[in-house]
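First the structure, in the form of structure tokens, and then the observations on it.
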Number of protein chains: 2
Amino acid sequence: MNIGDAAKASGVNQKMIRYYESIGLIGYVARSANGYRTYTESDVHTLAFIRRARRLGFPIERIQALMALWRDKRRSSAEVKAIARGHIDELQAKIEELAEMRRTLEHLVASCAGDDRPDCPILDGLSAQTEAADPRPAGPASRRGGAPGGA
Amino acid sequence: MNIGDAAKASGVNQKMIRYYESIGLIGYVARSANGYRTYTESDVHTLAFIRRARRLGFPIERIQALMALWRDKRRSSAEVKAIARGHIDELQAKIEELAEMRRTLEHLVASCAGDDRPDCPILDGLSAQTEAADPRPAGPASRRGGAPGGA
DNA sequence: GCTTGACCCTCCCACCATGGGAAGCCCTAT
DNA sequence: ATAGGGCTTCCCATGGTGGGAGGGTCAAGC
């Protein structure tokens, strides 16, 4: 199997296959006399594994760990589970971050008339927000003289 | 105000301020005789605007559009609202994508004992998944001859 | 005057994962 | 022989963010 066939069979495109090889995610693959990479069914299996892990959002680094366990027939499932849980937590954190953005933005959108007039609480919010989330007092400006010793 | 003060006052760090200038998000800023960038209160205001928009996840390109409307006193709030809605939709799409990953992963994790034994449905799922979500039949391999024409 | 330290400048590099494209070799079919 | 498709490597770009090198500038203190 040349790289094109491996790409089709695994669902990972050629560029990515070469990239994964270059960063050491998969070992150097065998080459035929003309220098073409040649792939076995097993290689394709590995690539498909990577693809599915990527689709679940695992970063390359974590996939490396997963693959090590995958190959290690004496692993404990607890180790795998721990990695997966860690990733779930990261997904969750990102989801919450995005959801928080969405919430804030929805509030702004809800208070905006959305008509022909220029008055727009969205822009007002962006340009002079109260920064309620910030733990700093942030006085009414004009305090630009005595730097208390900041960062 | 030099760049350091502007950074402190706006919450955007120096690197980013220079970057925003270099990509044209903010216009070229005035320079003093020694070549230092000098910022006005208005510049700081703009930077703070950018920072808040970034915090809401707006990409630079959209921020550019927002700033144009911000400066245009004759804009209609509908335009602003449309941009914000578009961004909300994108946030939502990302959230759903991540949530779908999380759901799948949670199913796998739930079915994994997480003990000392090597048996692990998580790895099994990654290595031989049924690909139920894919609309392709994906026969039992060995169909490697007749490419239907796809990219 | 000289040193010290804080500040500023530009330029290069890295991240993560993905992809585009060029220049050139290899193989097969006509 | 020529066309075409596949393969190779190498460079570049993305979006934002940041690190760091190497050097100029300014103000304060001695």
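To be explicit about the labels: the chains of the structure tokens are called A, B, and onward in the order shown, and within each one the residues are counted from 1, while ligands get numbers from 1 in the order they are shown.
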
Could you list, as number ranges by chain, every residue within 12 Å of stretch 25-34 of chain A, counting only C-alpha atoms (C1' of nucleotides) and ignoring same-chain residues fewer than 6 positions away? A: 1-3, 6, 16-19, 40, 42-50, 59-68; C: 25-27; D: 7-8

All alpha helix (DSSP H) positions in chain B, as a ChimeraX atom specification: /B:3-10,14-22,41-55,60-71,77-110,121-128

Enumerate as a VMD selection string the residues belonging to chain C that approach chain A to within 9 Å, with only C-alpha atoms (C1' of nucleotides) taken into account. chain C and resid 16 to 19 26

Next, write the just-selected residues to a file, as a short mmCIF file (atom, residue, chain, number, x, y, z; two decimals), in the first residue's frame, keeping all heavy atoms as the atom set.
```
data_model
loop_
_atom_site.label_atom_id
_atom_site.label_comp_id
_atom_site.auth_asym_id
_atom_site.auth_seq_id
_atom_site.Cartn_x
_atom_site.Cartn_y
_atom_site.Cartn_z
P DC C 16 2.67 22.05 20.64
OP1 DC C 16 2.73 21.46 21.99
OP2 DC C 16 3.60 21.62 19.58
"O5'" DC C 16 1.21 21.85 20.07
"C5'" DC C 16 0.17 22.73 20.40
"C4'" DC C 16 -0.98 22.51 19.45
"O4'" DC C 16 -1.06 23.61 18.54
"C3'" DC C 16 -0.85 21.25 18.59
"O3'" DC C 16 -2.10 20.61 18.62
"C2'" DC C 16 -0.48 21.78 17.22
"C1'" DC C 16 -1.09 23.17 17.21
N1 DC C 16 -0.37 24.20 16.42
C2 DC C 16 -1.09 25.28 15.91
O2 DC C 16 -2.30 25.35 16.12
N3 DC C 16 -0.43 26.22 15.21
C4 DC C 16 0.88 26.13 15.01
N4 DC C 16 1.50 27.08 14.31
C5 DC C 16 1.64 25.03 15.54
C6 DC C 16 0.98 24.10 16.23
P DA C 17 -2.15 19.06 18.47
OP1 DA C 17 -3.22 18.54 19.32
OP2 DA C 17 -0.79 18.53 18.54
"O5'" DA C 17 -2.61 18.97 16.93
"C5'" DA C 17 -3.86 19.53 16.61
"C4'" DA C 17 -3.90 19.90 15.17
"O4'" DA C 17 -2.95 20.92 14.84
"C3'" DA C 17 -3.65 18.78 14.17
"O3'" DA C 17 -4.93 18.41 13.69
"C2'" DA C 17 -2.78 19.42 13.08
"C1'" DA C 17 -2.80 20.89 13.44
N9 DA C 17 -1.59 21.67 13.15
C8 DA C 17 -0.29 21.37 13.45
N7 DA C 17 0.57 22.28 13.07
C5 DA C 17 -0.23 23.25 12.47
C6 DA C 17 0.06 24.48 11.85
N6 DA C 17 1.31 24.96 11.73
N1 DA C 17 -0.98 25.19 11.38
C2 DA C 17 -2.23 24.71 11.51
N3 DA C 17 -2.63 23.57 12.07
C4 DA C 17 -1.57 22.88 12.52
P DT C 18 -5.18 17.45 12.51
OP1 DT C 18 -6.56 16.96 12.66
OP2 DT C 18 -4.05 16.52 12.40
"O5'" DT C 18 -5.15 18.42 11.25
"C5'" DT C 18 -5.96 19.58 11.24
"C4'" DT C 18 -5.63 20.43 10.07
"O4'" DT C 18 -4.36 21.09 10.28
"C3'" DT C 18 -5.46 19.70 8.75
"O3'" DT C 18 -6.66 19.82 8.00
"C2'" DT C 18 -4.30 20.42 8.05
"C1'" DT C 18 -3.92 21.54 9.01
N1 DT C 18 -2.47 21.80 9.08
C2 DT C 18 -1.99 23.01 8.60
O2 DT C 18 -2.71 23.86 8.11
N3 DT C 18 -0.64 23.18 8.69
C4 DT C 18 0.27 22.28 9.21
O4 DT C 18 1.47 22.55 9.24
C5 DT C 18 -0.28 21.04 9.69
C7 DT C 18 0.61 19.99 10.27
C6 DT C 18 -1.61 20.87 9.60
P DG C 19 -6.83 19.14 6.64
OP1 DG C 19 -8.25 19.12 6.31
OP2 DG C 19 -6.03 17.91 6.67
"O5'" DG C 19 -6.08 20.13 5.64
"C5'" DG C 19 -6.71 21.32 5.27
"C4'" DG C 19 -5.72 22.15 4.51
"O4'" DG C 19 -4.50 22.25 5.25
"C3'" DG C 19 -5.32 21.55 3.16
"O3'" DG C 19 -5.79 22.42 2.15
"C2'" DG C 19 -3.81 21.56 3.18
"C1'" DG C 19 -3.49 22.51 4.31
N9 DG C 19 -2.16 22.25 4.87
C8 DG C 19 -1.72 21.15 5.56
N7 DG C 19 -0.46 21.22 5.89
C5 DG C 19 -0.05 22.45 5.39
C6 DG C 19 1.22 23.09 5.44
O6 DG C 19 2.25 22.67 5.94
N1 DG C 19 1.19 24.31 4.82
C2 DG C 19 0.08 24.87 4.22
N2 DG C 19 0.23 26.06 3.67
N3 DG C 19 -1.10 24.30 4.18
C4 DG C 19 -1.09 23.10 4.77
P DC C 26 13.77 8.60 -10.01
OP1 DC C 26 14.60 7.73 -9.15
OP2 DC C 26 14.13 8.89 -11.40
"O5'" DC C 26 12.28 8.03 -10.00
"C5'" DC C 26 11.68 7.72 -8.76
"C4'" DC C 26 10.39 6.94 -9.00
"O4'" DC C 26 9.38 7.86 -9.48
"C3'" DC C 26 10.49 5.85 -10.05
"O3'" DC C 26 9.88 4.70 -9.51
"C2'" DC C 26 9.74 6.40 -11.26
"C1'" DC C 26 8.73 7.33 -10.60
N1 DC C 26 8.30 8.50 -11.40
C2 DC C 26 6.94 8.75 -11.58
O2 DC C 26 6.11 7.96 -11.10
N3 DC C 26 6.55 9.84 -12.29
C4 DC C 26 7.47 10.67 -12.80
N4 DC C 26 7.03 11.74 -13.47
C5 DC C 26 8.85 10.44 -12.62
C6 DC C 26 9.23 9.35 -11.93
#
```

Least-squares fit on all C-alpha atoms, paired in order: put chain B onto chain A and return it as a tab-separated table (two decimals) with C-alpha atoms, in the first residue's frame.
```
chain	number	residue	atom	x	y	z
B	1	MET	CA	0.11	0.09	0.25
B	2	ASN	CA	1.35	3.49	-0.72
B	3	ILE	CA	0.40	6.58	1.18
B	4	GLY	CA	-2.64	7.28	-0.94
B	5	ASP	CA	-4.15	3.91	-0.18
B	6	ALA	CA	-3.29	4.23	3.47
B	7	ALA	CA	-4.98	7.61	3.51
B	8	LYS	CA	-8.12	6.24	1.97
B	9	ALA	CA	-8.16	3.22	4.21
B	10	SER	CA	-7.52	5.13	7.43
B	11	GLY	CA	-9.38	8.33	6.73
B	12	VAL	CA	-6.28	10.39	7.52
B	13	ASN	CA	-5.12	12.41	4.57
B	14	GLN	CA	-1.66	12.23	3.11
B	15	LYS	CA	-0.46	15.54	4.43
B	16	MET	CA	-1.42	14.56	7.91
B	17	ILE	CA	0.13	11.13	7.66
B	18	ARG	CA	3.44	12.71	6.72
B	19	TYR	CA	3.02	15.27	9.44
B	20	TYR	CA	2.35	12.65	12.08
B	21	GLU	CA	5.47	10.87	10.97
B	22	SER	CA	7.53	14.06	11.04
B	23	ILE	CA	6.57	14.89	14.60
B	24	GLY	CA	7.20	11.36	15.77
B	25	LEU	CA	3.63	10.43	16.51
B	26	ILE	CA	4.08	7.39	14.34
B	27	GLY	CA	7.49	5.86	13.78
B	28	TYR	CA	9.34	6.09	10.52
B	29	VAL	CA	7.49	3.97	8.08
B	30	ALA	CA	9.11	1.53	5.66
B	31	ARG	CA	10.10	2.78	2.23
B	32	SER	CA	10.21	0.88	-1.00
B	33	ALA	CA	13.12	1.12	-3.41
B	34	ASN	CA	11.79	4.26	-5.05
B	35	GLY	CA	11.49	6.07	-1.77
B	36	TYR	CA	7.74	5.72	-1.47
B	37	ARG	CA	6.36	5.10	1.98
B	38	THR	CA	4.76	1.69	2.30
B	39	TYR	CA	2.10	0.93	4.85
B	40	THR	CA	0.88	-2.28	6.39
B	41	GLU	CA	-2.58	-3.06	7.68
B	42	SER	CA	-1.23	-2.44	11.12
B	43	ASP	CA	-0.05	1.03	10.16
B	44	VAL	CA	-3.47	1.79	8.82
B	45	HIS	CA	-4.98	0.56	12.03
B	46	THR	CA	-2.77	2.96	13.95
B	47	LEU	CA	-3.70	5.83	11.71
B	48	ALA	CA	-7.37	5.12	12.15
B	49	PHE	CA	-6.83	5.10	15.88
B	50	ILE	CA	-5.25	8.51	15.67
B	51	ARG	CA	-8.04	9.81	13.54
B	52	ARG	CA	-10.70	8.75	15.99
B	53	ALA	CA	-8.81	10.21	18.88
B	54	ARG	CA	-8.43	13.48	17.02
B	55	ARG	CA	-12.13	13.49	16.31
B	56	LEU	CA	-12.72	13.32	20.00
B	57	GLY	CA	-10.54	16.36	20.36
B	58	PHE	CA	-7.53	14.70	21.93
B	59	PRO	CA	-4.42	16.75	21.29
B	60	ILE	CA	-1.49	14.98	19.69
B	61	GLU	CA	0.42	14.82	22.92
B	62	ARG	CA	-2.33	12.94	24.68
B	63	ILE	CA	-2.76	10.67	21.72
B	64	GLN	CA	0.85	9.75	22.08
B	65	ALA	CA	0.17	8.67	25.64
B	66	LEU	CA	-2.92	6.77	24.59
B	67	MET	CA	-1.04	4.93	21.89
B	68	ALA	CA	1.67	3.93	24.29
B	69	LEU	CA	-0.98	2.36	26.50
B	70	TRP	CA	-2.72	0.89	23.53
B	71	ARG	CA	0.43	-0.97	22.59
B	72	ASP	CA	1.24	-1.94	26.13
B	73	LYS	CA	-0.73	-5.09	26.72
B	74	ARG	CA	0.02	-4.92	30.41
B	75	ARG	CA	-1.41	-1.44	30.94
B	76	SER	CA	-4.09	-0.87	33.52
B	77	SER	CA	-7.35	0.44	32.24
B	78	ALA	CA	-7.20	2.98	35.06
B	79	GLU	CA	-4.40	4.80	33.27
B	80	VAL	CA	-6.42	5.07	30.11
B	81	LYS	CA	-9.43	6.18	32.01
B	82	ALA	CA	-7.44	8.89	33.73
B	83	ILE	CA	-6.30	10.33	30.43
B	84	ALA	CA	-9.81	10.26	29.07
B	85	ARG	CA	-11.15	11.92	32.19
B	86	GLY	CA	-8.53	14.61	31.93
B	87	HIS	CA	-9.60	15.28	28.41
B	88	ILE	CA	-13.25	15.38	29.37
B	89	ASP	CA	-12.39	18.00	31.95
B	90	GLU	CA	-10.65	20.08	29.36
B	91	LEU	CA	-13.54	19.77	26.98
B	92	GLN	CA	-15.85	20.80	29.75
B	93	ALA	CA	-13.73	23.82	30.59
B	94	LYS	CA	-13.79	24.94	26.98
B	95	ILE	CA	-17.48	24.38	26.74
B	96	GLU	CA	-18.07	26.49	29.79
B	97	GLU	CA	-15.85	29.23	28.51
B	98	LEU	CA	-17.74	29.35	25.24
B	99	ALA	CA	-21.07	29.11	26.98
B	100	GLU	CA	-20.15	32.05	29.17
B	101	MET	CA	-19.33	34.08	26.08
B	102	ARG	CA	-22.57	33.09	24.52
B	103	ARG	CA	-24.57	34.01	27.61
B	104	THR	CA	-23.03	37.44	27.83
B	105	LEU	CA	-23.55	38.04	24.18
B	106	GLU	CA	-27.12	36.87	24.35
B	107	HIS	CA	-27.86	39.37	27.07
B	108	LEU	CA	-26.47	42.11	24.92
B	109	VAL	CA	-28.35	40.94	21.87
B	110	ALA	CA	-31.57	40.67	23.82
B	111	SER	CA	-31.34	44.28	24.88
B	112	CYS	CA	-30.67	45.55	21.37
B	113	ALA	CA	-33.64	46.71	19.38
B	114	GLY	CA	-32.13	45.63	16.09
B	115	ASP	CA	-33.90	48.26	14.03
B	116	ASP	CA	-32.85	51.21	11.89
B	117	ARG	CA	-31.79	53.39	14.75
B	118	PRO	CA	-28.14	53.57	15.73
B	119	ASP	CA	-28.61	53.10	19.48
B	120	CYS	CA	-27.07	49.78	20.29
B	121	PRO	CA	-26.48	48.28	23.71
B	122	ILE	CA	-24.17	45.74	22.14
B	123	LEU	CA	-21.68	48.37	21.08
B	124	ASP	CA	-22.23	50.22	24.32
B	125	GLY	CA	-21.45	47.09	26.23
B	126	LEU	CA	-18.27	46.53	24.25
B	127	SER	CA	-17.10	50.10	24.56
B	128	ALA	CA	-17.82	50.88	28.19
B	129	GLN	CA	-18.55	47.66	29.95
B	130	THR	CA	-18.73	47.67	33.72
B	131	GLU	CA	-16.20	44.81	33.91
B	132	ALA	CA	-18.23	43.29	36.71
B	133	ALA	CA	-16.45	39.97	36.34
B	134	ASP	CA	-13.03	41.50	36.96
B	135	PRO	CA	-11.97	41.41	40.60
B	136	ARG	CA	-10.13	44.68	40.19
B	137	PRO	CA	-11.77	47.92	41.32
B	138	ALA	CA	-10.49	49.79	38.25
B	139	GLY	CA	-11.03	53.34	39.41
B	140	PRO	CA	-12.14	56.17	37.11
B	141	ALA	CA	-8.73	56.24	35.40
B	142	SER	CA	-6.04	58.80	36.24
B	143	ARG	CA	-4.48	56.31	38.63
B	144	ARG	CA	-1.58	55.95	36.27
B	145	GLY	CA	1.24	56.53	38.77
B	146	GLY	CA	1.48	53.89	41.44
B	147	ALA	CA	1.96	50.56	39.76
B	148	PRO	CA	1.26	47.98	42.47
B	149	GLY	CA	3.84	45.61	41.11
B	150	GLY	CA	1.94	43.39	38.73
B	151	ALA	CA	3.57	41.94	35.62
```

Find the residues near C:DG21: any atom within 12 Å, counting only C-alpha atoms (C1' of nucleotides), skip ones fewer than 3 places away on the same chain, and give them as a PDB file with all heavy atoms, in the first residue's frame.
```pdb
ATOM      1  P    DC D  10      13.698  17.909   2.900  1.00  0.00           P
ATOM      2  OP1  DC D  10      15.165  18.006   2.985  1.00  0.00           O
ATOM      3  OP2  DC D  10      12.899  17.473   4.050  1.00  0.00           O
ATOM      4  O5'  DC D  10      13.129  19.327   2.433  1.00  0.00           O
ATOM      5  C5'  DC D  10      13.618  19.905   1.227  1.00  0.00           C
ATOM      6  C4'  DC D  10      12.860  21.192   0.936  1.00  0.00           C
ATOM      7  O4'  DC D  10      11.539  20.855   0.462  1.00  0.00           O
ATOM      8  C3'  DC D  10      12.663  22.083   2.173  1.00  0.00           C
ATOM      9  O3'  DC D  10      13.209  23.360   1.928  1.00  0.00           O
ATOM     10  C2'  DC D  10      11.157  22.151   2.355  1.00  0.00           C
ATOM     11  C1'  DC D  10      10.614  21.764   0.984  1.00  0.00           C
ATOM     12  N1   DC D  10       9.296  21.084   1.079  1.00  0.00           N
ATOM     13  C2   DC D  10       8.218  21.546   0.321  1.00  0.00           C
ATOM     14  O2   DC D  10       8.396  22.506  -0.430  1.00  0.00           O
ATOM     15  N3   DC D  10       7.018  20.928   0.428  1.00  0.00           N
ATOM     16  C4   DC D  10       6.884  19.883   1.248  1.00  0.00           C
ATOM     17  N4   DC D  10       5.685  19.305   1.315  1.00  0.00           N
ATOM     18  C5   DC D  10       7.955  19.400   2.030  1.00  0.00           C
ATOM     19  C6   DC D  10       9.145  20.025   1.923  1.00  0.00           C
ATOM     20  P    DC D  11      13.296  24.418   3.119  1.00  0.00           P
ATOM     21  OP1  DC D  11      14.539  25.179   2.939  1.00  0.00           O
ATOM     22  OP2  DC D  11      13.007  23.739   4.400  1.00  0.00           O
ATOM     23  O5'  DC D  11      12.070  25.368   2.764  1.00  0.00           O
ATOM     24  C5'  DC D  11      11.994  25.906   1.449  1.00  0.00           C
ATOM     25  C4'  DC D  11      10.709  26.681   1.284  1.00  0.00           C
ATOM     26  O4'  DC D  11       9.605  25.758   1.171  1.00  0.00           O
ATOM     27  C3'  DC D  11      10.386  27.591   2.476  1.00  0.00           C
ATOM     28  O3'  DC D  11      10.139  28.895   1.989  1.00  0.00           O
ATOM     29  C2'  DC D  11       9.156  26.963   3.106  1.00  0.00           C
ATOM     30  C1'  DC D  11       8.526  26.251   1.918  1.00  0.00           C
ATOM     31  N1   DC D  11       7.669  25.100   2.318  1.00  0.00           N
ATOM     32  C2   DC D  11       6.341  25.050   1.881  1.00  0.00           C
ATOM     33  O2   DC D  11       5.906  25.953   1.167  1.00  0.00           O
ATOM     34  N3   DC D  11       5.564  24.007   2.267  1.00  0.00           N
ATOM     35  C4   DC D  11       6.077  23.055   3.034  1.00  0.00           C
ATOM     36  N4   DC D  11       5.281  22.043   3.386  1.00  0.00           N
ATOM     37  C5   DC D  11       7.425  23.087   3.491  1.00  0.00           C
ATOM     38  C6   DC D  11       8.177  24.119   3.114  1.00  0.00           C
ATOM     39  P    DC D  12       9.757  30.070   2.982  1.00  0.00           P
ATOM     40  OP1  DC D  12      10.170  31.319   2.332  1.00  0.00           O
ATOM     41  OP2  DC D  12      10.207  29.702   4.344  1.00  0.00           O
ATOM     42  O5'  DC D  12       8.164  30.020   2.978  1.00  0.00           O
ATOM     43  C5'  DC D  12       7.464  30.260   1.756  1.00  0.00           C
ATOM     44  C4'  DC D  12       5.987  30.328   2.045  1.00  0.00           C
ATOM     45  O4'  DC D  12       5.493  28.998   2.292  1.00  0.00           O
ATOM     46  C3'  DC D  12       5.653  31.160   3.284  1.00  0.00           C
ATOM     47  O3'  DC D  12       4.663  32.104   2.966  1.00  0.00           O
ATOM     48  C2'  DC D  12       5.178  30.143   4.297  1.00  0.00           C
ATOM     49  C1'  DC D  12       4.637  29.022   3.414  1.00  0.00           C
ATOM     50  N1   DC D  12       4.689  27.711   4.076  1.00  0.00           N
ATOM     51  C2   DC D  12       3.531  26.927   4.111  1.00  0.00           C
ATOM     52  O2   DC D  12       2.512  27.351   3.571  1.00  0.00           O
ATOM     53  N3   DC D  12       3.564  25.733   4.744  1.00  0.00           N
ATOM     54  C4   DC D  12       4.685  25.305   5.319  1.00  0.00           C
ATOM     55  N4   DC D  12       4.677  24.134   5.923  1.00  0.00           N
ATOM     56  C5   DC D  12       5.880  26.093   5.297  1.00  0.00           C
ATOM     57  C6   DC D  12       5.841  27.278   4.674  1.00  0.00           C
ATOM     58  P    DA D  13       4.265  33.196   4.062  1.00  0.00           P
ATOM     59  OP1  DA D  13       4.056  34.480   3.394  1.00  0.00           O
ATOM     60  OP2  DA D  13       5.175  33.061   5.225  1.00  0.00           O
ATOM     61  O5'  DA D  13       2.839  32.623   4.471  1.00  0.00           O
ATOM     62  C5'  DA D  13       1.837  32.466   3.478  1.00  0.00           C
ATOM     63  C4'  DA D  13       0.591  31.959   4.156  1.00  0.00           C
ATOM     64  O4'  DA D  13       0.773  30.559   4.442  1.00  0.00           O
ATOM     65  C3'  DA D  13       0.337  32.656   5.482  1.00  0.00           C
ATOM     66  O3'  DA D  13      -0.899  33.341   5.446  1.00  0.00           O
ATOM     67  C2'  DA D  13       0.301  31.549   6.523  1.00  0.00           C
ATOM     68  C1'  DA D  13       0.220  30.272   5.708  1.00  0.00           C
ATOM     69  N9   DA D  13       1.040  29.213   6.316  1.00  0.00           N
ATOM     70  C8   DA D  13       2.378  29.245   6.585  1.00  0.00           C
ATOM     71  N7   DA D  13       2.814  28.154   7.153  1.00  0.00           N
ATOM     72  C5   DA D  13       1.694  27.354   7.275  1.00  0.00           C
ATOM     73  C6   DA D  13       1.485  26.071   7.792  1.00  0.00           C
ATOM     74  N6   DA D  13       2.456  25.334   8.318  1.00  0.00           N
ATOM     75  N1   DA D  13       0.235  25.569   7.747  1.00  0.00           N
ATOM     76  C2   DA D  13      -0.741  26.309   7.216  1.00  0.00           C
ATOM     77  N3   DA D  13      -0.671  27.528   6.696  1.00  0.00           N
ATOM     78  C4   DA D  13       0.586  27.994   6.754  1.00  0.00           C
TER      79       DA D  13
END
```

With chain B as the partner and 10 Å as the cut-off, tabulate the residues of chain D that qualify, each row holding the nearest pair of atoms and their distance in Å to one decimal, using only C-alpha atoms (C1' of nucleotides), sorted by chain and rising number, as JSON lines.
```
{"residue": "D:DG15", "atom": "C1'", "partner": "B:Pro59", "partner_atom": "CA", "distance": 8.5}
{"residue": "D:DG16", "atom": "C1'", "partner": "B:Met16", "partner_atom": "CA", "distance": 8.7}
{"residue": "D:DT17", "atom": "C1'", "partner": "B:Met16", "partner_atom": "CA", "distance": 7.8}
{"residue": "D:DG18", "atom": "C1'", "partner": "B:Lys15", "partner_atom": "CA", "distance": 7.8}
{"residue": "D:DG24", "atom": "C1'", "partner": "B:Asn34", "partner_atom": "CA", "distance": 9.0}
{"residue": "D:DT25", "atom": "C1'", "partner": "B:Asn34", "partner_atom": "CA", "distance": 7.1}
{"residue": "D:DC26", "atom": "C1'", "partner": "B:Asn34", "partner_atom": "CA", "distance": 9.6}
```

Can you list, as a list in words, every protein, DNA or RNA residue that comes within 12 Å of D:DG22 when you count only C-alpha atoms (C1' of nucleotides), leaving out same-chain residues fewer than 6 positions away?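 Near D:DG22, the qualifying residues are DC9, DT10, DC11 and DC12 of chain C.
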
Would you mind exporting the chosen residues as a short mmCIF file (atom, residue, chain, number, x, y, z; two decimals), in the first residue's frame, restricted to N, CA, C and O atoms (P, O5', C5', C4', C3', O3' and C1' of nucleotides)?
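Below is the file that was written, out_32.cif:
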```cif
data_model
loop_
_atom_site.label_atom_id
_atom_site.label_comp_id
_atom_site.auth_asym_id
_atom_site.auth_seq_id
_atom_site.Cartn_x
_atom_site.Cartn_y
_atom_site.Cartn_z
P DC C 9 7.79 50.79 21.25
"O5'" DC C 9 9.08 50.38 20.39
"C5'" DC C 9 9.75 51.37 19.65
"C4'" DC C 9 10.92 50.76 18.90
"C3'" DC C 9 10.56 49.58 18.02
"O3'" DC C 9 10.11 50.03 16.77
"C1'" DC C 9 12.57 49.14 19.22
P DT C 10 9.21 49.06 15.89
"O5'" DT C 10 10.29 48.04 15.32
"C5'" DT C 10 11.40 48.51 14.55
"C4'" DT C 10 12.36 47.36 14.28
"C3'" DT C 10 11.76 46.23 13.44
"O3'" DT C 10 12.60 45.98 12.33
"C1'" DT C 10 12.75 45.38 15.43
P DC C 11 12.03 45.04 11.16
"O5'" DC C 11 12.59 43.60 11.57
"C5'" DC C 11 13.99 43.42 11.78
"C4'" DC C 11 14.26 42.04 12.32
"C3'" DC C 11 13.46 40.93 11.62
"O3'" DC C 11 14.35 39.95 11.14
"C1'" DC C 11 13.32 40.75 13.99
P DC C 12 13.80 38.80 10.22
"O5'" DC C 12 13.84 37.56 11.21
"C5'" DC C 12 15.06 37.28 11.90
"C4'" DC C 12 14.84 36.17 12.90
"C3'" DC C 12 14.01 35.00 12.35
"O3'" DC C 12 14.74 33.80 12.56
"C1'" DC C 12 13.15 35.73 14.43
#
```

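Computed from the coordinates, the atom C1' of C:DA22 to atom C1' of D:DG4 distance equals 17.7 Å.
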
Separation of atom C1' of D:DT9 and atom C1' of C:DG20, in Å?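 Computing the Euclidean distance for atom C1' of D:DT9 and atom C1' of C:DG20 yields 14.7 Å.
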